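A.B. asks: To be precise about what I am sending: the file is called start29.cif and holds mmCIF, C-alpha atoms and all ligand atoms.
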```
data_protein
#
loop_
_atom_site.label_atom_id
_atom_site.label_comp_id
_atom_site.auth_asym_id
_atom_site.auth_seq_id
_atom_site.Cartn_x
_atom_site.Cartn_y
_atom_site.Cartn_z
CA MET A 96 26.53 -16.16 19.34
CA ALA A 97 23.67 -14.80 17.29
CA TRP A 98 20.25 -16.17 18.22
CA SER A 99 18.80 -18.57 15.71
CA PRO A 100 16.01 -21.09 16.29
CA ASP A 101 16.96 -24.58 15.23
CA LYS A 102 14.53 -27.33 16.23
CA THR A 103 10.94 -28.48 15.97
CA THR A 104 9.32 -28.06 19.35
CA VAL A 105 5.65 -27.86 18.41
CA ASN A 106 3.82 -30.47 16.32
CA SER A 107 0.50 -32.16 17.08
CA TRP A 108 -2.33 -32.94 14.67
CA ASN A 109 -4.63 -35.21 16.60
CA GLU A 110 -5.56 -36.59 20.02
CA TRP A 111 -3.84 -40.01 19.77
CA ASP A 112 -0.46 -40.05 18.00
CA PRO A 113 2.54 -40.84 20.26
CA LEU A 114 2.83 -38.02 22.80
CA ARG A 115 6.34 -36.64 23.30
CA HIS A 116 5.86 -33.23 24.91
CA VAL A 117 2.99 -31.83 26.92
CA ILE A 118 2.04 -29.00 29.29
CA VAL A 119 0.56 -30.01 32.66
CA GLY A 120 -1.37 -27.33 34.59
CA ARG A 121 -0.79 -26.12 38.14
CA ALA A 122 -3.27 -25.52 40.93
CA ASP A 123 -1.34 -22.63 42.55
CA ASP A 124 -3.51 -19.79 43.69
CA CYS A 125 -6.65 -21.08 41.93
CA HIS A 126 -9.80 -19.10 42.67
CA ILE A 127 -13.49 -19.72 42.61
CA PRO A 128 -14.38 -16.60 40.66
CA PRO A 129 -17.25 -14.27 41.54
CA GLU A 130 -20.55 -14.56 39.69
CA GLU A 131 -20.58 -13.75 36.00
CA PRO A 132 -23.00 -14.79 33.26
CA ALA A 133 -21.29 -17.67 31.41
CA LEU A 134 -19.90 -19.18 34.59
CA ASP A 135 -23.21 -19.05 36.46
CA ALA A 136 -24.94 -20.83 33.62
CA LYS A 137 -22.43 -23.66 33.89
CA VAL A 138 -22.51 -24.24 37.66
CA PRO A 139 -25.14 -26.94 38.28
CA GLU A 140 -28.18 -25.72 40.20
CA ASP A 141 -27.59 -27.97 43.20
CA SER A 142 -23.84 -27.30 43.29
CA ASP A 143 -22.03 -26.51 46.54
CA MET A 144 -20.24 -23.74 44.62
CA ARG A 145 -23.23 -21.45 44.15
CA GLY A 146 -22.94 -18.16 45.97
CA GLN A 147 -19.34 -18.48 47.10
CA TRP A 148 -16.12 -17.15 45.68
CA GLY A 149 -12.52 -16.45 46.62
CA LYS A 150 -9.28 -18.36 46.76
CA ARG A 151 -9.70 -22.12 47.02
CA PRO A 152 -8.72 -23.68 50.39
CA GLN A 153 -4.93 -23.99 50.53
CA GLU A 154 -5.01 -27.66 51.52
CA THR A 155 -7.00 -28.49 48.35
CA ILE A 156 -4.50 -26.51 46.27
CA ASP A 157 -1.59 -28.37 47.85
CA ARG A 158 -3.25 -31.73 47.31
CA ALA A 159 -4.07 -30.96 43.67
CA ASN A 160 -0.50 -29.81 43.07
CA GLU A 161 0.85 -32.97 44.63
CA LEU A 162 -1.25 -35.04 42.20
CA LEU A 163 -0.43 -32.89 39.17
CA ASP A 164 3.30 -33.14 40.02
CA LYS A 165 3.01 -36.93 40.24
CA PHE A 166 1.12 -37.06 36.95
CA ALA A 167 3.94 -35.02 35.38
CA ASP A 168 6.52 -37.44 36.84
CA GLN A 169 4.60 -40.44 35.51
CA LEU A 170 4.60 -38.90 32.04
CA ARG A 171 8.32 -38.11 32.27
CA ALA A 172 9.03 -41.69 33.32
CA ARG A 173 7.41 -42.72 30.00
CA GLY A 174 9.70 -40.43 28.04
CA VAL A 175 7.27 -37.52 27.64
CA LYS A 176 8.77 -34.07 28.14
CA VAL A 177 6.61 -32.04 30.54
CA ASP A 178 6.44 -28.27 30.87
CA ARG A 179 4.54 -26.35 33.53
CA PRO A 180 2.96 -22.88 33.37
CA THR A 181 4.09 -19.90 35.43
CA PRO A 182 1.15 -18.80 37.58
CA ILE A 183 0.18 -15.14 37.56
CA ASP A 184 -1.59 -13.60 40.57
CA HIS A 185 -5.13 -14.88 40.10
CA SER A 186 -6.48 -12.81 42.98
CA LEU A 187 -6.09 -9.68 40.85
CA PRO A 188 -9.28 -8.26 39.32
CA VAL A 189 -9.73 -7.94 35.58
CA THR A 190 -10.88 -4.57 34.35
CA THR A 191 -11.17 -3.66 30.69
CA PRO A 192 -13.13 -0.76 29.15
CA ASP A 193 -16.00 -3.25 28.74
CA PHE A 194 -16.21 -5.29 31.94
CA HIS A 195 -14.93 -5.82 35.45
CA THR A 196 -14.58 -8.97 37.51
CA ALA A 197 -13.11 -9.12 40.99
CA SER A 198 -10.84 -12.15 40.50
CA GLN A 199 -9.46 -14.62 37.98
CA PHE A 200 -9.57 -18.41 37.76
CA GLY A 201 -6.15 -20.13 37.71
CA CYS A 202 -3.74 -21.91 35.39
CA MET A 203 -5.86 -25.01 35.20
CA PRO A 204 -6.83 -26.51 32.89
CA PRO A 205 -4.46 -25.68 30.02
CA ARG A 206 -6.58 -27.61 27.49
CA ASP A 207 -9.24 -24.92 27.71
CA VAL A 208 -6.90 -22.13 26.61
CA LEU A 209 -4.35 -23.60 24.19
CA LEU A 210 -5.29 -25.23 20.89
CA THR A 211 -2.37 -26.96 19.17
CA VAL A 212 -2.86 -27.58 15.46
CA GLY A 213 0.28 -28.78 13.71
CA SER A 214 3.05 -26.26 14.34
CA GLU A 215 0.63 -23.69 15.73
CA ILE A 216 -0.55 -23.02 19.27
CA LEU A 217 -3.60 -20.79 19.27
CA GLU A 218 -4.76 -18.95 22.38
CA ALA A 219 -8.56 -19.22 22.47
CA THR A 220 -10.79 -16.16 22.91
CA MET A 221 -12.26 -17.72 26.08
CA SER A 222 -15.79 -16.88 27.12
CA TYR A 223 -15.59 -16.27 30.87
CA ARG A 224 -14.48 -12.85 32.02
CA CYS A 225 -12.43 -14.41 34.83
CA ARG A 226 -10.39 -16.34 32.24
CA TRP A 227 -9.68 -13.40 29.92
CA PHE A 228 -6.01 -13.16 30.96
CA GLU A 229 -5.40 -16.87 31.48
CA TYR A 230 -3.06 -17.08 28.48
CA LEU A 231 -0.53 -15.05 30.48
CA ASN A 232 0.25 -18.16 32.56
CA TYR A 233 1.54 -19.83 29.39
CA ARG A 234 3.37 -16.92 27.80
CA PRO A 235 6.81 -17.86 29.21
CA LEU A 236 6.44 -21.27 27.51
CA MET A 237 5.12 -19.78 24.27
CA GLN A 238 8.07 -17.41 24.21
CA GLN A 239 10.50 -20.27 24.78
CA TYR A 240 8.96 -22.41 22.00
CA TRP A 241 9.05 -19.44 19.66
CA GLU A 242 12.74 -18.93 20.33
CA GLU A 243 13.57 -22.61 19.82
CA ASP A 244 11.41 -23.52 16.87
CA PRO A 245 11.62 -21.57 13.59
CA LYS A 246 8.32 -23.01 12.37
CA PHE A 247 6.30 -22.44 15.55
CA ARG A 248 3.28 -20.22 14.95
CA HIS A 249 2.18 -18.55 18.14
CA GLU A 250 -1.30 -17.18 17.51
CA ALA A 251 -3.97 -15.49 19.60
CA ALA A 252 -7.62 -15.20 18.59
CA PRO A 253 -9.11 -11.69 18.81
CA LYS A 254 -9.80 -10.86 22.44
CA PRO A 255 -13.58 -10.67 22.87
CA ARG A 256 -15.22 -7.69 24.53
CA LEU A 257 -17.43 -9.84 26.81
CA THR A 258 -19.99 -7.14 27.44
CA ASP A 259 -23.46 -8.13 28.66
CA ALA A 260 -24.45 -8.41 24.98
CA ASP A 261 -22.48 -11.68 24.86
CA TYR A 262 -24.88 -13.45 27.23
CA HIS A 263 -28.58 -14.30 27.14
CA PRO A 264 -30.17 -12.92 30.31
CA ASP A 265 -32.73 -15.79 30.33
CA TYR A 266 -30.02 -18.14 31.49
CA LEU A 267 -29.19 -16.06 34.51
CA SER A 268 -32.31 -16.48 36.61
CA GLU A 269 -31.52 -18.60 39.65
CA LYS A 270 -33.59 -21.74 39.20
CA ILE A 271 -34.24 -22.58 35.58
CA GLY A 272 -34.53 -26.32 36.22
CA VAL A 273 -32.70 -29.07 34.38
CA GLU A 274 -35.70 -29.84 32.12
CA LYS A 275 -35.70 -26.31 30.75
CA ARG A 276 -31.94 -26.44 30.29
CA LEU A 277 -32.20 -29.66 28.31
CA GLN A 278 -34.90 -28.17 26.12
CA TRP A 279 -32.80 -25.10 25.48
CA ALA A 280 -29.73 -27.24 24.72
CA ALA A 281 -31.80 -29.25 22.21
CA GLU A 282 -32.91 -25.98 20.59
CA LYS A 283 -29.27 -24.82 20.57
CA PHE A 284 -30.19 -21.87 22.72
CA PHE A 285 -27.11 -21.40 24.90
CA VAL A 286 -26.00 -18.78 27.42
CA THR A 287 -23.68 -17.09 24.93
CA THR A 288 -25.11 -14.99 22.09
CA GLU A 289 -23.73 -14.45 18.60
CA GLU A 290 -22.47 -10.95 19.41
CA GLU A 291 -18.86 -11.81 18.53
CA PRO A 292 -16.72 -14.95 17.98
CA LEU A 293 -16.21 -16.93 21.20
CA PHE A 294 -14.51 -20.28 21.72
CA ASP A 295 -12.66 -22.22 24.36
CA ALA A 296 -9.91 -24.50 23.05
CA ALA A 297 -11.38 -27.52 24.88
CA ASP A 298 -14.45 -27.44 22.63
CA VAL A 299 -12.24 -28.56 19.74
CA LEU A 300 -11.06 -32.09 18.93
CA ARG A 301 -8.35 -32.61 16.35
CA PHE A 302 -8.61 -35.39 13.79
CA GLY A 303 -5.81 -34.47 11.36
CA ARG A 304 -7.41 -32.51 8.50
CA ASP A 305 -10.69 -32.33 10.39
CA LEU A 306 -11.54 -30.30 13.47
CA VAL A 307 -14.68 -31.25 15.39
CA VAL A 308 -16.08 -28.40 17.46
CA GLN A 309 -18.85 -28.43 20.05
CA HIS A 310 -21.36 -25.59 19.82
CA GLY A 311 -22.47 -24.83 23.38
CA PHE A 312 -22.03 -22.43 26.29
CA THR A 313 -18.35 -21.64 25.70
CA THR A 314 -18.20 -21.76 21.89
CA ASN A 315 -20.71 -19.99 19.65
CA LEU A 316 -21.29 -20.32 15.90
CA LYS A 317 -19.23 -17.24 15.16
CA GLY A 318 -16.37 -18.79 17.14
CA ILE A 319 -16.60 -21.88 14.93
CA GLU A 320 -16.71 -19.71 11.80
CA TRP A 321 -13.64 -17.87 13.09
CA LEU A 322 -11.81 -21.20 13.41
CA ARG A 323 -12.92 -22.14 9.88
CA ARG A 324 -11.45 -18.96 8.43
CA HIS A 325 -8.33 -19.26 10.56
CA PHE A 326 -7.59 -22.84 9.47
CA PRO A 327 -8.43 -22.72 5.73
CA ASP A 328 -6.76 -26.09 5.06
CA HIS A 329 -8.96 -27.86 7.60
CA ARG A 330 -12.56 -29.00 7.47
CA VAL A 331 -14.31 -27.67 10.55
CA HIS A 332 -17.40 -29.59 11.75
CA THR A 333 -19.96 -28.35 14.25
CA VAL A 334 -21.36 -30.91 16.69
CA ASN A 335 -24.01 -30.80 19.45
CA PHE A 336 -24.82 -33.12 22.29
CA PRO A 337 -28.42 -32.36 23.23
CA GLY A 338 -28.38 -34.58 26.35
CA ASP A 339 -26.02 -32.21 28.14
CA PRO A 340 -27.76 -29.45 30.14
CA TYR A 341 -24.41 -27.65 30.69
CA PRO A 342 -22.57 -28.09 27.39
CA ILE A 343 -19.04 -26.85 27.82
CA HIS A 344 -15.84 -28.53 26.62
CA ILE A 345 -16.16 -31.61 24.48
CA ASP A 346 -13.69 -33.84 26.31
CA ALA A 347 -16.03 -35.47 28.84
CA THR A 348 -18.51 -36.17 26.03
CA PHE A 349 -16.69 -37.35 22.92
CA THR A 350 -13.24 -38.95 23.18
CA PRO A 351 -11.30 -40.29 20.18
CA LEU A 352 -8.96 -43.11 21.25
CA ARG A 353 -7.29 -44.07 17.97
CA PRO A 354 -8.05 -43.83 14.26
CA GLY A 355 -11.48 -45.43 13.83
CA LEU A 356 -12.60 -45.44 17.47
CA ILE A 357 -14.41 -42.83 19.58
CA LEU A 358 -16.05 -43.04 23.01
CA ASN A 359 -19.33 -41.15 23.33
CA ASN A 360 -20.99 -40.29 26.64
CA PRO A 361 -24.21 -42.40 26.63
CA GLN A 362 -26.18 -39.52 28.17
CA ARG A 363 -24.95 -37.11 25.49
CA ARG A 364 -25.36 -39.04 22.27
CA LEU A 365 -24.13 -37.47 19.06
CA PRO A 366 -27.30 -37.02 16.94
CA ASP A 367 -27.63 -39.45 14.02
CA ASP A 368 -27.28 -36.82 11.30
CA GLN A 369 -23.94 -35.76 12.79
CA ARG A 370 -22.59 -39.32 12.79
CA GLU A 371 -22.49 -39.62 9.04
CA MET A 372 -18.91 -38.52 8.41
CA PHE A 373 -17.66 -41.02 10.98
CA HIS A 374 -19.76 -43.95 9.78
CA LYS A 375 -19.05 -43.33 6.11
CA ASN A 376 -15.35 -43.64 6.87
CA GLY A 377 -15.63 -46.76 9.00
CA TRP A 378 -15.25 -45.10 12.39
CA GLU A 379 -16.94 -46.74 15.34
CA ILE A 380 -18.59 -44.62 18.04
CA VAL A 381 -19.09 -46.65 21.22
CA ASP A 382 -20.81 -45.73 24.48
CA SER A 383 -18.30 -45.00 27.21
CA ALA A 384 -18.40 -47.02 30.44
CA GLN A 385 -20.31 -45.64 33.43
CA PRO A 386 -18.44 -43.39 35.85
CA ALA A 387 -17.36 -45.00 39.14
CA HIS A 388 -18.79 -42.11 41.20
CA ASN A 389 -22.29 -40.76 41.78
CA GLN A 390 -21.11 -37.28 42.65
CA PRO A 391 -18.27 -35.04 41.56
CA PRO A 392 -15.82 -34.14 44.35
CA PRO A 393 -16.50 -30.99 46.45
CA LEU A 394 -16.30 -27.55 44.78
CA CYS A 395 -16.10 -29.09 41.30
CA TYR A 396 -17.57 -27.51 38.15
CA SER A 397 -17.51 -30.72 36.15
CA SER A 398 -19.76 -33.77 36.13
CA VAL A 399 -18.94 -37.38 37.05
CA TRP A 400 -18.20 -37.92 33.34
CA LEU A 401 -14.64 -36.79 33.82
CA SER A 402 -14.33 -40.58 33.93
CA MET A 403 -13.95 -40.50 30.14
CA ASN A 404 -11.60 -37.49 30.13
CA VAL A 405 -8.61 -39.70 29.35
CA LEU A 406 -5.22 -38.78 27.95
CA VAL A 407 -4.14 -40.97 25.04
CA LEU A 408 -0.36 -41.52 25.04
CA ASP A 409 -0.34 -43.46 21.76
CA PRO A 410 -2.92 -45.54 19.88
CA LYS A 411 -2.29 -48.48 22.24
CA THR A 412 -1.83 -46.70 25.58
CA VAL A 413 -4.16 -44.50 27.56
CA CYS A 414 -4.04 -42.72 30.94
CA VAL A 415 -7.23 -43.29 32.97
CA GLU A 416 -8.01 -41.84 36.40
CA LYS A 417 -7.19 -44.44 39.04
CA SER A 418 -10.64 -44.65 40.67
CA GLU A 419 -12.45 -45.00 37.31
CA VAL A 420 -12.44 -48.78 37.32
CA TYR A 421 -15.26 -49.24 34.79
CA GLN A 422 -13.58 -46.92 32.30
CA ALA A 423 -10.26 -48.73 32.78
CA ASP A 424 -11.97 -52.08 32.26
CA GLN A 425 -13.56 -50.87 29.02
CA MET A 426 -10.18 -49.65 27.74
CA ASP A 427 -8.72 -53.02 28.51
CA LYS A 428 -11.46 -54.73 26.51
CA LEU A 429 -10.88 -52.32 23.64
CA GLY A 430 -7.28 -53.52 23.59
CA LEU A 431 -5.59 -50.50 25.14
CA GLU A 432 -2.94 -50.63 27.82
CA VAL A 433 -4.13 -48.57 30.80
CA VAL A 434 -1.86 -46.28 32.80
CA GLU A 435 -3.57 -45.42 36.10
CA VAL A 436 -3.25 -41.82 37.25
CA ASP A 437 -4.44 -40.58 40.65
CA LEU A 438 -6.06 -37.22 39.88
CA ARG A 439 -9.56 -37.10 41.34
CA ASP A 440 -8.63 -34.64 44.08
CA ALA A 441 -7.57 -32.21 41.34
CA TYR A 442 -10.88 -32.42 39.41
CA ALA A 443 -12.24 -29.37 41.21
CA PHE A 444 -9.60 -27.26 39.52
CA GLY A 445 -11.27 -27.65 36.17
CA GLY A 446 -11.10 -31.20 34.93
CA GLY A 447 -9.51 -34.57 34.40
CA LEU A 448 -6.47 -35.94 32.60
CA HIS A 449 -7.17 -34.52 29.15
CA CYS A 450 -8.24 -31.12 30.51
CA SER A 451 -5.18 -30.81 32.76
CA THR A 452 -2.80 -31.10 29.81
CA ALA A 453 -2.16 -29.39 26.49
CA ASP A 454 -0.28 -31.00 23.61
CA VAL A 455 3.04 -29.61 22.47
CA TYR A 456 4.41 -32.50 20.40
CA ARG A 457 2.96 -35.73 19.07
CA GLU A 458 4.70 -37.73 16.40
CA GLY A 459 3.11 -37.87 12.99
CA GLY A 460 1.71 -35.47 10.43
CA CYS A 461 -1.61 -34.22 9.14
CA GLU A 462 -3.60 -37.20 7.85
CA ASP A 463 -6.98 -37.23 6.18
CA TYR A 464 -9.15 -39.67 8.13
CA PHE A 465 -12.40 -38.73 6.36
CA PRO A 466 -11.55 -38.68 2.65
N1 LIG A 501 -18.42 -30.36 30.59
C1 LIG A 501 -17.75 -31.47 31.16
C2 LIG A 501 -18.61 -32.14 32.21
O1 LIG A 501 -18.91 -31.54 33.21
C3 LIG A 501 -16.43 -31.13 31.74
C4 LIG A 501 -15.41 -30.88 30.70
C5 LIG A 501 -14.12 -30.46 31.30
N2 LIG A 501 -13.18 -30.25 30.26
C6 LIG A 501 -12.26 -29.34 30.26
N3 LIG A 501 -11.44 -29.30 29.24
N4 LIG A 501 -12.15 -28.45 31.21
O2 LIG A 501 -18.99 -33.26 32.02
#
```
Mind turning this structure into structure tokens?
C.D. replies:
Amino acid sequence: MAWSPDKTTVNSWNEWDPLRHVIVGRADDCHIPPEEPALDAKVPEDSDMRGQWGKRPQETIDRANELLDKFADQLRARGVKVDRPTPIDHSLPVTTPDFHTASQFGCMPPRDVLLTVGSEILEATMSYRCRWFEYLNYRPLMQQYWEEDPKFRHEAAPKPRLTDADYHPDYLSEKIGVEKRLQWAAEKFFVTTEEEPLFDAADVLRFGRDLVVQHGFTTNLKGIEWLRRHFPDHRVHTVNFPGDPYPIHIDATFTPLRPGLILNNPQRRLPDDQREMFHKNGWEIVDSAQPAHNQPPPLCYSSVWLSMNVLVLDPKTVCVEKSEVYQADQMDKLGLEVVEVDLRDAYAFGGGLHCSTADVYREGGCEDYFP
């Protein structure tokens, strides 16, 4: 029979409509990559990760995979279709005419790489050299969706060159100190320069017609302008969270739960002038609950605020990490049903429940929430 695509596989316009199909990452063969500018700027100064690189300990990989598999099963039990990436060999170096790095990162977390907007999945430019080829882990799925779905737009942003001109050398001295970092973040002086468009998909939140994008270490202003030109029917808004000394990926900082309601990290308040579009349209921005932990787990890039990195299943149901009791309690008070997911031992692989997933299909269309 002749090949002809015949169904809608890809459709997702926001972070909260009923989830029907999702990608969950895998921890296989994940590496702590060698030093490189944008990554070094992100690793906290007192982190146990500084100065070491190589494949992550196998027992941590196995444990993370066990949890990710269970998370996938929990989603399936709720009627969500789950796909998994096909890991490439992350121990291989990356060499282009412009840079070399001795290893890659992994196929976690998918949220960083894949941006789903309606019937499109866009592969982000990425901003770490070790993540330059990460889209390859998802190509078998992209190919499959493309063959099934006649409307699916598989897009890739221009691969960046990632030469030294992409990074401010000031950020690379060993001990800058958190005070200096906060000052720089407030001045919007980040590790990446404006040499060329750079963005990670996890710096973008989808609100129907509006895309809200964090300007920080992994997304520069040219990256945001690139998104604006790429999505001409959307309004693209730039946001900053000056309280974050390591601003990468918006999803442990600003978390929409349903139309009209957003959680904001109380240490990374959205500045007043950037709240206007939300307030004018009756949206409430509430402080998220405190994390349950004082420290991230070992060998983890992220902060304790992965507590608020929740996955919304529909406007009444939300997945919260099992140990994050204060966050779960807050959800309960906000009227959401909480699904507990045990995932903390996978945090070291790049993030929490939202990070570890990428949308393929949510019900619903493109609404205008900020008319
Ligand atoms: N920057 C966040 C924090 O450390 C972590 C965000 C992780 N998100 C992600 N999509 N990988 O608080």
A.B. asks: What gap, in Å, lies between CA of Ala384 (chain A) and CA of Leu352 (chain A)?
C.D. replies: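 Between CA of Ala384 (chain A) and CA of Leu352 (chain A) the gap works out to 13.7 Å.
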A.B. asks: Closest to Asp298 (chain A) among A:Asn315, A:Thr412, A:Ser398, A:Asn376, using all atoms listed in the file?
C.D. replies: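 Under the stated criterion, the closest residue is A:Asn315.
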A.B. asks: Please report, as a Markdown table, each residue of chain A lying at most 7 Å from ligand LIG 501 (chain A), together with the nearest pair of atoms and the separation in Å rounded to one decimal; use all atoms listed in the file, and order rows by chain and ascending residue number.
C.D. replies:
```
| residue | atom | partner | partner_atom | distance |
| --- | --- | --- | --- | --- |
| A:Pro204 | CA | A:LIG501 | N4 | 5.9 |
| A:Arg206 | CA | A:LIG501 | N3 | 5.4 |
| A:Asp207 | CA | A:LIG501 | N3 | 5.1 |
| A:Ala297 | CA | A:LIG501 | N3 | 4.7 |
| A:Tyr341 | CA | A:LIG501 | N1 | 6.6 |
| A:Pro342 | CA | A:LIG501 | N1 | 5.7 |
| A:Ile343 | CA | A:LIG501 | N1 | 4.5 |
| A:His344 | CA | A:LIG501 | C4 | 4.7 |
| A:Ile345 | CA | A:LIG501 | C4 | 6.3 |
| A:Asp346 | CA | A:LIG501 | N2 | 5.4 |
| A:Ala347 | CA | A:LIG501 | O2 | 4.9 |
| A:Thr348 | CA | A:LIG501 | O2 | 6.7 |
| A:Tyr396 | CA | A:LIG501 | O1 | 6.5 |
| A:Ser397 | CA | A:LIG501 | O1 | 3.4 |
| A:Ser398 | CA | A:LIG501 | O1 | 3.8 |
| A:Val399 | CA | A:LIG501 | O2 | 6.5 |
| A:Trp400 | CA | A:LIG501 | O2 | 4.9 |
| A:Leu401 | CA | A:LIG501 | O2 | 5.9 |
| A:Gly445 | CA | A:LIG501 | N4 | 5.1 |
| A:Gly446 | CA | A:LIG501 | N4 | 4.7 |
| A:Gly447 | CA | A:LIG501 | C5 | 6.9 |
| A:His449 | CA | A:LIG501 | N3 | 6.7 |
| A:Cys450 | CA | A:LIG501 | N3 | 3.9 |
```
A.B. asks: Dump as a Markdown table the rows for residues of region 237-304 of chain A within 12 Å of region 358-368 of chain A: closest atom pair and distance in Å with one decimal, all atoms listed in the file counted, ordered by chain and rising residue number.
C.D. replies:
```
| residue | atom | partner | partner_atom | distance |
| --- | --- | --- | --- | --- |
| A:Leu277 | CA | A:Arg363 | CA | 10.8 |
| A:Ala280 | CA | A:Arg363 | CA | 11.0 |
| A:Ala281 | CA | A:Pro366 | CA | 10.4 |
```
A.B. asks: Skipping near chain neighbours, those fewer than 6 positions away, what residues fall within 12 Å of Arg256 (chain A) using only C-alpha atoms, listed as an MDAnalysis selection string?
C.D. replies: chainID A and resid 190:195 220:224 227 262 290:293
A.B. asks: Sorted by chain and rising residue number, which residues of region 363-432 of chain A lie within 10 Å of region 115-132 of chain A, and what are their closest atom pairs and distances in Å to one decimal, counting all atoms listed in the file, as a tab-separated table?
C.D. replies:
```
residue	atom	partner	partner_atom	distance
A:Leu394	CA	A:Ile127	CA	8.6
A:Cys395	CA	A:Ile127	CA	9.8
A:Tyr396	CA	A:Ile127	CA	9.9
A:Leu408	CA	A:Arg115	CA	8.5
A:Asp409	CA	A:Arg115	CA	9.7
```
A.B. asks: Between A:Val436, A:Ala453, A:Ile216, A:Ala172, which residue has the minimum interatomic distance to Tyr240 (chain A), considering all atoms listed in the file?
C.D. replies: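 The closest residue to Tyr240 (chain A) is A:Ile216.
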A.B. asks: Separation of CA of Arg330 (chain A) and CA of Phe302 (chain A), in Å?
C.D. replies: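 Those two atoms sit 9.8 Å apart.
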A.B. asks: Give me, please, the distance in Å between CA of Val331 (chain A) and CA of Leu306 (chain A), quoted to one decimal.
C.D. replies: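 Between these atoms lies a distance of 4.8 Å.
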A.B. asks: Find the residues around Pro235 (chain A) up to 10 Å (only C-alpha atoms counted), leave out those fewer than 5 positions away in its own chain, and share them as a ChimeraX atom specification.
C.D. replies: /A:179-181,230,240-241
A.B. asks: For Ile271 (chain A), which residue out of A:Lys317, A:Lys246, A:Lys417, A:Lys137 is the nearest one, using only C-alpha atoms?
C.D. replies: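 That would be A:Lys137, the residue with the smallest distance to Ile271 (chain A).
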A.B. asks: Can you tell me which residues surround region 455-465 of chain A at a distance of at most 7 Å, considering all atoms listed in the file, apart from same-chain residues fewer than 3 positions away, and format the answer as a list in words?
C.D. replies: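 Using all atoms listed in the file, the neighbours found are Thr104, Val105, Asn106, Ser107, Trp108, Asp112, Pro113, Leu114, Arg115, His116, Val117, Ile118, Thr211, Gly303, Arg304, Met372 and Asn376 of chain A.
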A.B. asks: From the list A:Pro351, A:Pro255, A:Gly311, A:Pro188, which residue is nearest Gly338 (chain A) when using all atoms listed in the file?
C.D. replies: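 Using all atoms listed in the file, the shortest distance to Gly338 (chain A) belongs to A:Gly311.
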A.B. asks: The residues within 10 Å of (13.2, -22.6, 18.4), using only C-alpha atoms and the coordinates of the file, should be reported as a list in words; which are they?
C.D. replies: Trp98, Ser99, Pro100, Asp101, Lys102, Thr103, Thr104, Val105, Gln238, Gln239, Tyr240, Trp241, Glu242, Glu243, Asp244, Pro245, Lys246 and Phe247 of chain A
A.B. asks: Take the residues that were just selected and, keeping C-alpha atoms, output them as a CSV table (one decimal), in the coordinates of the input.
C.D. replies:
```
chain,number,residue,atom,x,y,z
A,98,TRP,CA,20.2,-16.2,18.2
A,99,SER,CA,18.8,-18.6,15.7
A,100,PRO,CA,16.0,-21.1,16.3
A,101,ASP,CA,17.0,-24.6,15.2
A,102,LYS,CA,14.5,-27.3,16.2
A,103,THR,CA,10.9,-28.5,16.0
A,104,THR,CA,9.3,-28.1,19.4
A,105,VAL,CA,5.6,-27.9,18.4
A,238,GLN,CA,8.1,-17.4,24.2
A,239,GLN,CA,10.5,-20.3,24.8
A,240,TYR,CA,9.0,-22.4,22.0
A,241,TRP,CA,9.0,-19.4,19.7
A,242,GLU,CA,12.7,-18.9,20.3
A,243,GLU,CA,13.6,-22.6,19.8
A,244,ASP,CA,11.4,-23.5,16.9
A,245,PRO,CA,11.6,-21.6,13.6
A,246,LYS,CA,8.3,-23.0,12.4
A,247,PHE,CA,6.3,-22.4,15.6
```
A.B. asks: Quick one: everything within 7 Å of Val420 (chain A), counting all atoms listed in the file, minus sequence neighbours fewer than 3 positions away in the same chain. Send it as a VMD selection string.
C.D. replies: chain A and resid 387 423 to 424
A.B. asks: With distances taken over all atoms listed in the file, which of A:Gly174, A:Pro391, A:Gly213, A:Pro264 is nearest to Asp141 (chain A)?
C.D. replies: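 Under the stated criterion, the closest residue is A:Pro391.
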A.B. asks: So, with all atoms listed in the file as the atoms that count, which of A:Glu320, A:Arg171, A:Leu163, A:Glu218 lies closest to Pro253 (chain A)?
C.D. replies: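 Between A:Glu320, A:Arg171, A:Leu163, A:Glu218, the residue approaching Pro253 (chain A) most closely is A:Glu218.
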